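Novice: Structure supplied as entry-v9.cif; contents: mmCIF, C-alpha atoms.
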data_work
#
loop_
_atom_site.group_PDB
_atom_site.id
_atom_site.type_symbol
_atom_site.label_atom_id
_atom_site.label_comp_id
_atom_site.auth_asym_id
_atom_site.auth_seq_id
_atom_site.Cartn_x
_atom_site.Cartn_y
_atom_site.Cartn_z
ATOM 1 C CA MET A 4 0.000 0.000 0.000
ATOM 2 C CA GLU A 5 1.329 3.430 -0.889
ATOM 3 C CA SER A 6 1.906 5.633 2.155
ATOM 4 C CA GLY A 7 -1.102 7.786 2.939
ATOM 5 C CA ARG A 8 -3.298 6.297 0.227
ATOM 6 C CA PRO A 9 -5.949 3.614 0.764
ATOM 7 C CA ASP A 10 -5.606 0.357 -1.115
ATOM 8 C CA PRO A 11 -7.117 1.083 -4.582
ATOM 9 C CA THR A 12 -8.516 -2.462 -4.775
ATOM 10 C CA ILE A 13 -10.483 -2.622 -1.506
ATOM 11 C CA HIS A 14 -12.538 -5.834 -1.443
ATOM 12 C CA GLY A 15 -10.986 -6.787 -4.793
ATOM 13 C CA LEU A 16 -12.604 -3.905 -6.706
ATOM 14 C CA SER A 17 -10.892 -0.951 -8.343
ATOM 15 C CA TRP A 18 -12.290 2.535 -7.674
ATOM 16 C CA GLU A 19 -13.950 2.651 -11.099
ATOM 17 C CA GLU A 20 -15.572 -0.722 -10.431
ATOM 18 C CA ARG A 21 -16.891 0.596 -7.111
ATOM 19 C CA LEU A 22 -18.573 3.639 -8.671
ATOM 20 C CA PRO A 23 -21.758 1.788 -9.713
ATOM 21 C CA PHE A 24 -22.041 0.386 -6.178
ATOM 22 C CA TYR A 25 -21.889 3.856 -4.665
ATOM 23 C CA ASP A 26 -24.348 5.134 -7.231
ATOM 24 C CA ARG A 27 -26.939 2.641 -6.033
ATOM 25 C CA ILE A 28 -26.647 3.583 -2.367
ATOM 26 C CA VAL A 29 -26.423 7.386 -2.531
ATOM 27 C CA ASN A 30 -29.314 9.601 -3.484
ATOM 28 C CA THR A 31 -29.999 10.747 -7.013
ATOM 29 C CA GLU A 32 -28.685 14.273 -6.450
ATOM 30 C CA ARG A 33 -25.272 13.039 -5.350
ATOM 31 C CA ALA A 34 -25.149 10.294 -7.983
ATOM 32 C CA SER A 35 -25.968 12.892 -10.641
ATOM 33 C CA ALA A 36 -22.993 14.966 -9.536
ATOM 34 C CA LEU A 37 -20.717 11.951 -9.983
ATOM 35 C CA LEU A 38 -22.088 11.396 -13.478
ATOM 36 C CA LEU A 39 -21.737 15.103 -14.271
ATOM 37 C CA VAL A 40 -18.049 15.011 -13.355
ATOM 38 C CA ALA A 41 -17.501 11.814 -15.368
ATOM 39 C CA MET A 42 -19.060 13.490 -18.412
ATOM 40 C CA TYR A 43 -16.980 16.628 -17.888
ATOM 41 C CA GLN A 44 -13.754 14.633 -17.717
ATOM 42 C CA ARG A 45 -14.567 12.567 -20.811
ATOM 43 C CA LEU A 46 -15.497 15.710 -22.782
ATOM 44 C CA ASN A 47 -12.501 17.729 -21.521
ATOM 45 C CA GLY A 48 -14.867 20.391 -20.239
ATOM 46 C CA VAL A 49 -16.390 21.198 -23.641
ATOM 47 C CA ALA A 50 -20.087 22.071 -23.610
ATOM 48 C CA GLY A 51 -22.304 20.883 -26.457
ATOM 49 C CA THR A 52 -20.210 17.809 -27.341
ATOM 50 C CA GLU A 53 -22.038 14.485 -27.074
ATOM 51 C CA VAL A 54 -20.994 11.490 -25.016
ATOM 52 C CA GLU A 55 -22.572 8.060 -24.592
ATOM 53 C CA VAL A 56 -23.113 7.919 -20.836
ATOM 54 C CA ASN A 57 -23.474 4.120 -20.817
ATOM 55 C CA GLU A 58 -19.934 3.876 -22.197
ATOM 56 C CA LEU A 59 -18.271 5.946 -19.457
ATOM 57 C CA PRO A 60 -15.751 3.936 -17.357
ATOM 58 C CA GLY A 61 -17.455 2.611 -14.238
ATOM 59 C CA TRP A 62 -20.954 3.418 -15.493
ATOM 60 C CA GLU A 63 -21.474 0.994 -18.351
ATOM 61 C CA ASP A 64 -22.949 -1.758 -16.153
ATOM 62 C CA LEU A 65 -25.229 0.506 -14.134
ATOM 63 C CA GLY A 66 -28.275 -0.135 -16.312
ATOM 64 C CA ASP A 67 -30.155 2.089 -18.722
ATOM 65 C CA GLU A 68 -33.050 2.722 -16.340
ATOM 66 C CA ARG A 69 -30.845 4.193 -13.611
ATOM 67 C CA LEU A 70 -28.762 6.167 -16.103
ATOM 68 C CA LEU A 71 -31.899 7.662 -17.641
ATOM 69 C CA THR A 72 -33.028 8.744 -14.179
ATOM 70 C CA LEU A 73 -29.722 10.484 -13.529
ATOM 71 C CA THR A 74 -29.529 12.183 -16.921
ATOM 72 C CA ALA A 75 -33.144 13.333 -16.601
ATOM 73 C CA HIS A 76 -32.228 14.896 -13.262
ATOM 74 C CA LEU A 77 -29.244 16.669 -14.842
ATOM 75 C CA GLU A 78 -31.492 17.929 -17.633
ATOM 76 C CA GLN A 79 -34.060 19.240 -15.148
ATOM 77 C CA ALA A 80 -31.270 21.057 -13.309
ATOM 78 C CA GLY A 81 -30.150 22.658 -16.579
ATOM 79 C CA MET A 82 -26.787 20.854 -16.515
ATOM 80 C CA ALA A 83 -27.160 18.588 -19.567
ATOM 81 C CA ALA A 84 -29.166 18.126 -22.757
ATOM 82 C CA SER A 85 -30.069 14.941 -24.617
ATOM 83 C CA GLY A 86 -28.632 14.117 -28.025
ATOM 84 C CA PRO A 87 -30.521 12.952 -31.128
ATOM 85 C CA LYS A 88 -29.879 9.215 -30.752
ATOM 86 C CA ALA A 89 -32.967 7.097 -30.033
ATOM 87 C CA SER A 90 -31.219 5.118 -27.276
ATOM 88 C CA GLY A 91 -31.428 8.115 -24.957
ATOM 89 C CA MET A 92 -27.824 7.486 -23.872
ATOM 90 C CA SER A 93 -26.312 10.357 -25.862
ATOM 91 C CA TRP A 94 -25.930 13.517 -23.786
ATOM 92 C CA CYS A 95 -23.955 16.753 -23.761
ATOM 93 C CA LEU A 96 -23.135 19.247 -21.027
ATOM 94 C CA SER A 97 -24.643 22.708 -20.919
ATOM 95 C CA PRO A 98 -22.444 25.714 -20.015
ATOM 96 C CA ALA A 99 -24.019 25.588 -16.540
ATOM 97 C CA GLY A 100 -23.057 21.920 -16.283
ATOM 98 C CA VAL A 101 -19.447 22.730 -17.135
ATOM 99 C CA VAL A 102 -19.355 25.427 -14.453
ATOM 100 C CA ARG A 103 -20.877 23.117 -11.828
ATOM 101 C CA ALA A 104 -18.449 20.290 -12.653
ATOM 102 C CA GLU A 105 -15.473 22.643 -12.414
ATOM 103 C CA ASN A 106 -16.740 23.928 -9.062
ATOM 104 C CA LEU A 107 -17.154 20.394 -7.706
ATOM 105 C CA LEU A 108 -13.656 19.379 -8.774
ATOM 106 C CA GLU A 109 -12.157 22.541 -7.308
ATOM 107 C CA GLN A 110 -13.899 21.961 -3.988
ATOM 108 C CA ARG A 111 -12.852 18.296 -3.963
ATOM 109 C CA ASN A 112 -9.189 19.309 -4.035
ATOM 110 C CA ARG A 113 -9.293 21.970 -1.307
ATOM 111 C CA PRO A 114 -7.439 20.697 1.798
ATOM 112 C CA VAL A 115 -9.814 22.364 4.245
ATOM 113 C CA ILE A 116 -12.865 20.770 2.621
ATOM 114 C CA ARG A 117 -11.253 17.331 2.498
ATOM 115 C CA TYR A 118 -10.421 17.705 6.195
ATOM 116 C CA ASP A 119 -13.965 18.751 7.036
ATOM 117 C CA THR A 120 -15.311 15.833 5.003
ATOM 118 C CA ALA A 121 -13.129 13.428 7.002
ATOM 119 C CA LEU A 122 -14.329 14.856 10.325
ATOM 120 C CA ASN A 123 -18.006 14.705 9.433
ATOM 121 C CA GLY A 124 -17.708 11.359 7.680
ATOM 122 C CA LEU A 125 -16.060 9.641 10.627
ATOM 123 C CA ILE A 126 -18.689 10.881 13.078
ATOM 124 C CA THR A 127 -21.536 9.982 10.702
ATOM 125 C CA ALA A 128 -20.188 6.489 10.003
ATOM 126 C CA ALA A 129 -19.614 5.801 13.706
ATOM 127 C CA THR A 130 -23.115 7.060 14.553
ATOM 128 C CA ASP A 131 -24.524 4.543 12.069
ATOM 129 C CA LYS A 132 -22.792 1.720 13.997
ATOM 130 C CA PHE A 133 -25.643 1.646 16.496
ATOM 131 C CA PRO A 134 -25.748 0.822 19.362
ATOM 132 C CA LYS A 135 -22.008 0.566 20.185
ATOM 133 C CA HIS A 136 -20.926 3.315 17.793
ATOM 134 C CA ARG A 137 -17.598 1.567 17.183
ATOM 135 C CA LEU A 138 -16.098 2.062 13.722
ATOM 136 C CA GLU A 139 -13.104 0.229 12.289
ATOM 137 C CA VAL A 140 -10.890 2.390 10.092
ATOM 138 C CA GLN A 141 -10.752 -0.278 7.365
ATOM 139 C CA ASN A 142 -14.548 -0.356 7.219
ATOM 140 C CA PHE A 143 -14.626 3.425 6.972
ATOM 141 C CA LEU A 144 -12.249 3.299 3.995
ATOM 142 C CA SER A 145 -14.647 1.070 2.083
ATOM 143 C CA SER A 146 -17.729 3.133 2.915
ATOM 144 C CA GLU A 147 -19.420 5.999 1.106
ATOM 145 C CA HIS A 148 -18.342 8.321 3.939
ATOM 146 C CA ALA A 149 -14.698 8.137 2.796
ATOM 147 C CA GLN A 150 -15.785 9.141 -0.701
ATOM 148 C CA ILE A 151 -15.236 12.740 -1.701
ATOM 149 C CA LEU A 152 -16.924 13.150 -5.059
ATOM 150 C CA ASP A 153 -15.004 10.722 -7.360
ATOM 151 C CA ASP A 154 -12.046 10.385 -4.999
ATOM 152 C CA VAL A 155 -11.393 8.809 -1.604
ATOM 153 C CA LEU A 156 -9.778 10.365 1.443
ATOM 154 C CA THR A 157 -6.144 9.442 2.076
ATOM 155 C CA LEU A 158 -5.013 7.638 5.208
ATOM 156 C CA ASP A 159 -3.094 10.739 6.269
ATOM 157 C CA GLU A 160 -6.269 12.823 6.025
ATOM 158 C CA ILE A 161 -8.256 10.232 7.977
ATOM 159 C CA PHE A 162 -5.603 9.826 10.691
ATOM 160 C CA SER A 163 -5.329 13.614 11.073
ATOM 161 C CA ALA A 164 -9.115 13.886 11.477
ATOM 162 C CA ILE A 165 -9.136 11.053 14.036
ATOM 163 C CA GLU A 166 -6.454 12.815 16.076
ATOM 164 C CA TYR A 167 -8.509 16.002 16.076
ATOM 165 C CA LEU A 168 -11.683 14.189 17.123
ATOM 166 C CA GLU A 169 -9.775 12.475 19.922
ATOM 167 C CA ASN A 170 -8.317 15.767 21.150
ATOM 168 C CA GLU A 171 -11.808 17.254 21.195
ATOM 169 C CA GLN A 172 -13.029 14.216 23.216
ATOM 170 C CA LEU A 173 -15.516 13.162 20.561
ATOM 171 C CA VAL A 174 -13.994 9.687 20.097
ATOM 172 C CA ARG A 175 -11.884 7.076 21.875
ATOM 173 C CA VAL A 176 -9.216 5.561 19.646
ATOM 174 C CA GLU A 177 -7.845 2.028 19.414
ATOM 175 C CA ARG A 178 -4.335 1.742 17.978
ATOM 176 C CA ASP A 179 -1.948 -0.871 16.658
ATOM 177 C CA ALA A 180 1.689 0.254 16.673
ATOM 178 C CA SER A 181 0.532 3.877 16.987
ATOM 179 C CA ARG A 182 -1.779 3.668 13.915
ATOM 180 C CA PRO A 183 -5.506 4.118 14.596
ATOM 181 C CA THR A 184 -7.477 0.970 13.883
ATOM 182 C CA ALA A 185 -10.911 1.844 15.317
ATOM 183 C CA ILE A 186 -12.829 4.661 16.987
ATOM 184 C CA THR A 187 -15.757 4.659 19.389
ATOM 185 C CA LEU A 188 -17.951 7.690 19.947
ATOM 186 C CA THR A 189 -17.904 9.254 23.396
ATOM 187 C CA PRO A 190 -21.183 10.609 24.816
ATOM 188 C CA LEU A 191 -20.183 13.985 23.384
ATOM 189 C CA GLY A 192 -19.448 12.382 20.022
ATOM 190 C CA ARG A 193 -22.859 10.710 19.992
ATOM 191 C CA LYS A 194 -24.515 14.034 20.647
ATOM 192 C CA CYS A 195 -22.592 15.508 17.716
ATOM 193 C CA GLY A 196 -23.643 12.655 15.458
ATOM 194 C CA TRP A 197 -27.318 12.720 16.348
ATOM 195 C CA ASN A 198 -28.119 15.446 13.817
ATOM 196 C CA SER A 199 -29.590 15.196 10.356
ATOM 197 C CA ASN A 200 -26.671 17.265 9.065
ATOM 198 C CA VAL A 201 -23.475 16.376 10.953
ATOM 199 C CA ASP A 202 -21.161 19.384 11.271
ATOM 200 C CA VAL A 203 -18.304 18.760 13.698
ATOM 201 C CA GLN A 204 -16.826 22.266 13.561
ATOM 202 C CA GLY A 205 -20.226 23.854 14.029
ATOM 203 C CA PHE A 206 -21.074 21.510 16.908
ATOM 204 C CA LEU A 207 -17.850 22.352 18.733
ATOM 205 C CA ALA A 208 -18.536 26.051 18.233
ATOM 206 C CA GLY A 209 -21.975 25.636 19.771
ATOM 207 C CA GLN A 210 -23.743 26.610 16.588
ATOM 208 C CA GLN A 211 -25.734 24.643 13.992
ATOM 209 C CA PRO A 212 -25.309 24.618 11.110
ATOM 210 C CA VAL A 213 -21.933 26.198 10.258
ATOM 211 C CA GLY A 214 -18.716 24.591 9.046
ATOM 212 C CA ILE A 215 -17.864 24.133 5.403
ATOM 213 C CA GLN A 216 -21.285 22.816 4.299
ATOM 214 C CA THR A 217 -20.120 21.678 0.862
ATOM 215 C CA SER A 218 -22.808 20.195 -1.368
ATOM 216 C CA TRP A 219 -21.619 17.220 -3.447
ATOM 217 C CA SER A 220 -24.833 17.142 -5.440
ATOM 218 C CA VAL A 221 -26.832 18.591 -8.299
ATOM 219 C CA GLU A 222 -30.052 19.983 -6.884
ATOM 220 C CA VAL A 223 -33.318 21.308 -8.319
ATOM 221 C CA TYR A 224 -35.537 23.646 -6.294
ATOM 222 C CA GLY A 225 -39.114 24.519 -7.188
ATOM 223 C CA GLY A 226 -38.543 24.125 -10.902
ATOM 224 C CA ALA A 227 -35.771 26.738 -10.904
ATOM 225 C CA ASN A 228 -32.182 25.870 -11.750
ATOM 226 C CA GLN A 229 -29.835 26.424 -8.805
ATOM 227 C CA ILE A 230 -26.372 25.202 -7.901
ATOM 228 C CA GLY A 231 -25.169 24.052 -4.489
ATOM 229 C CA PRO A 232 -26.832 24.121 -1.089
ATOM 230 C CA GLY A 233 -29.342 26.851 -1.918
ATOM 231 C CA ASN A 234 -29.734 30.593 -1.714
ATOM 232 C CA VAL A 235 -27.800 32.495 0.923
ATOM 233 C CA GLN A 236 -29.078 35.727 2.382
ATOM 234 C CA ASN A 237 -26.648 38.643 2.510
ATOM 235 C CA ASN A 238 -26.383 40.826 5.610
ATOM 236 C CA ASN A 239 -26.521 44.582 5.620
ATOM 237 C CA PHE A 240 -22.781 45.155 5.280
ATOM 238 C CA GLY A 241 -22.510 43.853 1.720
ATOM 239 C CA LEU A 242 -20.660 40.620 2.579
ATOM 240 C CA ASN A 243 -22.082 37.127 2.420
ATOM 241 C CA ALA A 244 -22.625 36.130 6.069
ATOM 242 C CA GLU A 245 -22.192 32.409 5.399
ATOM 243 C CA GLN A 246 -18.917 33.028 3.564
ATOM 244 C CA VAL A 247 -17.588 35.099 6.452
ATOM 245 C CA MET A 248 -18.400 32.362 8.975
ATOM 246 C CA LYS A 249 -16.832 29.741 6.701
ATOM 247 C CA LEU A 250 -13.688 31.837 6.605
ATOM 248 C CA VAL A 251 -13.666 32.069 10.390
ATOM 249 C CA ARG A 252 -13.912 28.263 10.695
ATOM 250 C CA GLU A 253 -11.223 27.711 8.073
ATOM 251 C CA VAL A 254 -8.787 30.042 9.804
ATOM 252 C CA LYS A 255 -9.438 28.529 13.224
ATOM 253 C CA GLY A 256 -8.980 25.037 11.821
ATOM 254 C CA LEU A 257 -5.771 25.628 9.846
ATOM 255 C CA VAL A 258 -3.793 28.327 11.645
ATOM 256 C CA PRO A 259 -2.700 26.094 14.573
ATOM 257 C CA SER A 260 -0.868 23.796 12.117
ATOM 258 C CA MET A 261 0.726 26.563 10.024
ATOM 259 C CA ASP A 262 4.471 27.022 10.287
ATOM 260 C CA VAL A 263 4.513 30.778 10.903
ATOM 261 C CA PRO A 264 6.198 32.958 13.531
ATOM 262 C CA GLU A 265 4.301 33.029 16.803
ATOM 263 C CA PRO A 266 3.611 36.799 16.676
ATOM 264 C CA VAL A 267 1.955 36.298 13.266
ATOM 265 C CA ARG A 268 -0.121 33.405 14.607
ATOM 266 C CA GLU A 269 -1.271 35.542 17.544
ATOM 267 C CA ARG A 270 -2.197 38.436 15.256
ATOM 268 C CA ILE A 271 -4.195 36.123 12.981
ATOM 269 C CA THR A 272 -5.985 34.624 15.981
ATOM 270 C CA GLU A 273 -6.883 38.053 17.341
ATOM 271 C CA ASP A 274 -8.167 39.253 13.967
ATOM 272 C CA VAL A 275 -10.308 36.175 13.306
ATOM 273 C CA GLU A 276 -11.837 36.312 16.797
ATOM 274 C CA ALA A 277 -12.666 39.984 16.274
ATOM 275 C CA LEU A 278 -14.127 39.139 12.861
ATOM 276 C CA GLU A 279 -16.321 36.435 14.391
ATOM 277 C CA ARG A 280 -17.602 38.797 17.094
ATOM 278 C CA GLU A 281 -18.370 41.473 14.512
ATOM 279 C CA ALA A 282 -20.157 39.037 12.184
ATOM 280 C CA GLU A 283 -22.396 37.874 15.031
ATOM 281 C CA ARG A 284 -23.471 41.385 15.996
ATOM 282 C CA GLU A 285 -27.019 42.434 15.211
ATOM 283 C CA GLU A 286 -25.725 45.288 13.034
ATOM 284 C CA PRO A 287 -22.168 44.509 11.856
ATOM 285 C CA GLN A 288 -20.053 47.474 10.752
ATOM 286 C CA SER A 289 -19.015 47.247 7.110
ATOM 287 C CA ALA A 290 -15.791 49.178 7.470
ATOM 288 C CA ARG A 291 -14.613 47.135 10.452
ATOM 289 C CA MET A 292 -15.418 43.831 8.735
ATOM 290 C CA ARG A 293 -13.437 44.718 5.656
ATOM 291 C CA ARG A 294 -10.551 46.080 7.703
ATOM 292 C CA LEU A 295 -10.295 42.822 9.642
ATOM 293 C CA ILE A 296 -10.509 40.708 6.484
ATOM 294 C CA GLU A 297 -7.845 42.838 4.800
ATOM 295 C CA GLY A 298 -5.672 42.334 7.883
ATOM 296 C CA LEU A 299 -6.099 38.581 7.606
ATOM 297 C CA ARG A 300 -5.181 38.688 3.940
ATOM 298 C CA GLU A 301 -1.965 40.539 4.769
ATOM 299 C CA SER A 302 -1.079 38.139 7.589
ATOM 300 C CA LEU A 303 -1.852 35.087 5.449
ATOM 301 C CA ASP A 304 0.228 36.189 2.470
ATOM 302 C CA PRO A 305 1.569 32.805 1.234
ATOM 303 C CA SER A 306 4.909 34.405 0.276
ATOM 304 C CA LYS A 307 5.529 35.171 3.944
ATOM 305 C CA ALA A 308 4.642 31.721 5.297
ATOM 306 C CA THR A 309 7.137 28.869 5.678
ATOM 307 C CA THR A 310 4.375 26.354 4.889
ATOM 308 C CA VAL A 311 2.369 27.889 2.064
ATOM 309 C CA GLY A 312 -0.387 25.290 1.556
ATOM 310 C CA ALA A 313 -2.749 26.434 4.315
ATOM 311 C CA ALA A 314 -1.906 30.093 3.713
ATOM 312 C CA THR A 315 -2.730 29.784 0.024
ATOM 313 C CA THR A 316 -6.049 28.080 0.757
ATOM 314 C CA LEU A 317 -7.086 30.772 3.225
ATOM 315 C CA ALA A 318 -5.915 33.593 1.005
ATOM 316 C CA GLN A 319 -8.073 32.232 -1.826
ATOM 317 C CA SER A 320 -11.085 32.139 0.486
ATOM 318 C CA ILE A 321 -10.499 35.761 1.474
ATOM 319 C CA MET A 322 -10.197 36.853 -2.145
ATOM 320 C CA SER A 323 -13.504 35.149 -2.989
ATOM 321 C CA ILE A 324 -15.229 37.143 -0.233
ATOM 322 C CA LEU A 325 -13.716 40.491 -1.156
ATOM 323 C CA ALA A 326 -14.238 39.986 -4.901
#
What would the structure in this file look like if it were written as structure tokens?

Specialist:
Amino acid sequence: MESGRPDPTIHGLSWEERLPFYDRIVNTERASALLLVAMYQRLNGVAGTEVEVNELPGWEDLGDERLLTLTAHLEQAGMAASGPKASGMSWCLSPAGVVRAENLLEQRNRPVIRYDTALNGLITAATDKFPKHRLEVQNFLSSEHAQILDDVLTLDEIFSAIEYLENEQLVRVERDASRPTAITLTPLGRKCGWNSNVDVQGFLAGQQPVGIQTSWSVEVYGGANQIGPGNVQNNNFGLNAEQVMKLVREVKGLVPSMDVPEPVRERITEDVEALEREAEREEPQSARMRRLIEGLRESLDPSKATTVGAATTLAQSIMSILA
């Protein structure tokens, strides 16, 4: 097994061979997103070019009936359009479908989102192991909860998430030669998991729901075409309130592991705490919010950080808010 990467042939099946299995157990919205990405990759991101969906690797044995359901859902969401062939298996992506696929792939590769997925997935999978709530790491690897779009979490990502959950007293960990082999939810962990939408970071902050809240699905609301988890209301200072709170969680989650001088870490911590307090006020001040965010951007300049990965991720989040 390659270090940090799960065995690609878990239970004797390659990842592509496992895709139809996951498609049968997840809901249509999430399965449609997987198909959308597969189409995007086959078509090299070109809208209007046809592809036979029943010939895509990993999807050919799914069955026409299920594929027609998924493509019909993509069409209703405005992501795809059917081709002229009578089989109904010929489809092309719309410009909106290309944009959604690119967004999904970008989110899949963001370290902070992969980390959040590991946290929430571990708690969700352990909650499902009722009544003992004991989860073996190997079983987690072969479950849908370790799936992040068309990829799987690495062992390093899973072990890092387990360490965090243990430090926060959400799980007890069994180890073999220092490597985690199983987790069991503590009473606090069970309380975190007993929610319809598990959000570890939000639970620890005493708020629900917050956290990353990434949607790995293609959704249709009330006949209107929308992308992602739904509409977000803006507050009266011109910034998206959900984006600001996501930024706060990202900074709090990544700054402790960043290799930066201690004075810089303290300044970042002070700024993000002030930003959180301001965002939670009944009438946040626009000028103060932007000043704090600009300060974070300066402190998180990747060129000034010894370890640039986390700094780059956070800087990108800040730029998306200020854009």

Novice: When you draw a straight line from atom CA of Thr52 of chain A to atom CA of Cys95 of chain A, how long is it in Å?

Specialist: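 These two atoms are separated by 5.3 Å.
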
Novice: For this structure, which residues satisfy the selection - the PyMOL selection byres ((chain A and resi 282) around 8) - when it is evaluated on the file as given? I want them as a VMD selection string.

Specialist: chain A and resid 244 247 to 248 278 to 281 283 to 284 287 292

Novice: Could you tell me which of A:Asn30, A:Arg111, A:Glu169, A:Met92 comes closest to Gly66 of chain A if we count all atoms listed in the file?

Specialist: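 Answer, going by the shortest atom-to-atom distance: A:Met92.
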
Novice: Rank nothing, just name the residue among A:Leu144, A:Leu122, A:Val54, A:Leu188 nearest to Glu166 of chain A, using only C-alpha atoms.

Specialist: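 Going through A:Leu144, A:Leu122, A:Val54, A:Leu188 one by one, the smallest distance to Glu166 of chain A is for A:Leu122.
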
Novice: When you draw a straight line from atom CA of Ala84 of chain A to atom CA of Asp153 of chain A, how long is it in Å?

Specialist: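 A separation of 22.2 Å between them.
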
Novice: Between atom CA of Ala34 of chain A and atom CA of Gln110 of chain A, what is the distance in Å, rounded to a tenth?

Specialist: 16.7 Å

Novice: Would you kindly translate the PyMOL selection byres ((chain A and resi 190-197) around 7) into the concrete residues it picks from this file, as a PyMOL selection string?

Specialist: chain A and resi 126-127+130+173-174+188-189+198-199+201+203+206

Novice: Select, from A:Glu105, A:Glu68, A:Glu301, A:Asp159, the residue with the minimum atom-to-atom distance to Gly48 of chain A, counting all atoms listed in the file.

Specialist: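 Residue with the minimum atom-to-atom distance to Gly48 of chain A: A:Glu105.
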
Novice: Calculated over all atoms listed in the file, which of the candidates A:Glu32, A:Glu78, A:Glu276, A:Asp119 has the smallest distance to Ala99 of chain A?

Specialist: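 Nearest candidate to Ala99 of chain A out of A:Glu32, A:Glu78, A:Glu276, A:Asp119: A:Glu78.
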
Novice: Can you list, as an MDAnalysis selection string, the residues that the PyMOL selection byres ((chain A and resi 83) around 8) selects here?

Specialist: chainID A and resid 74 77:78 80:82 84:85 94:97 100
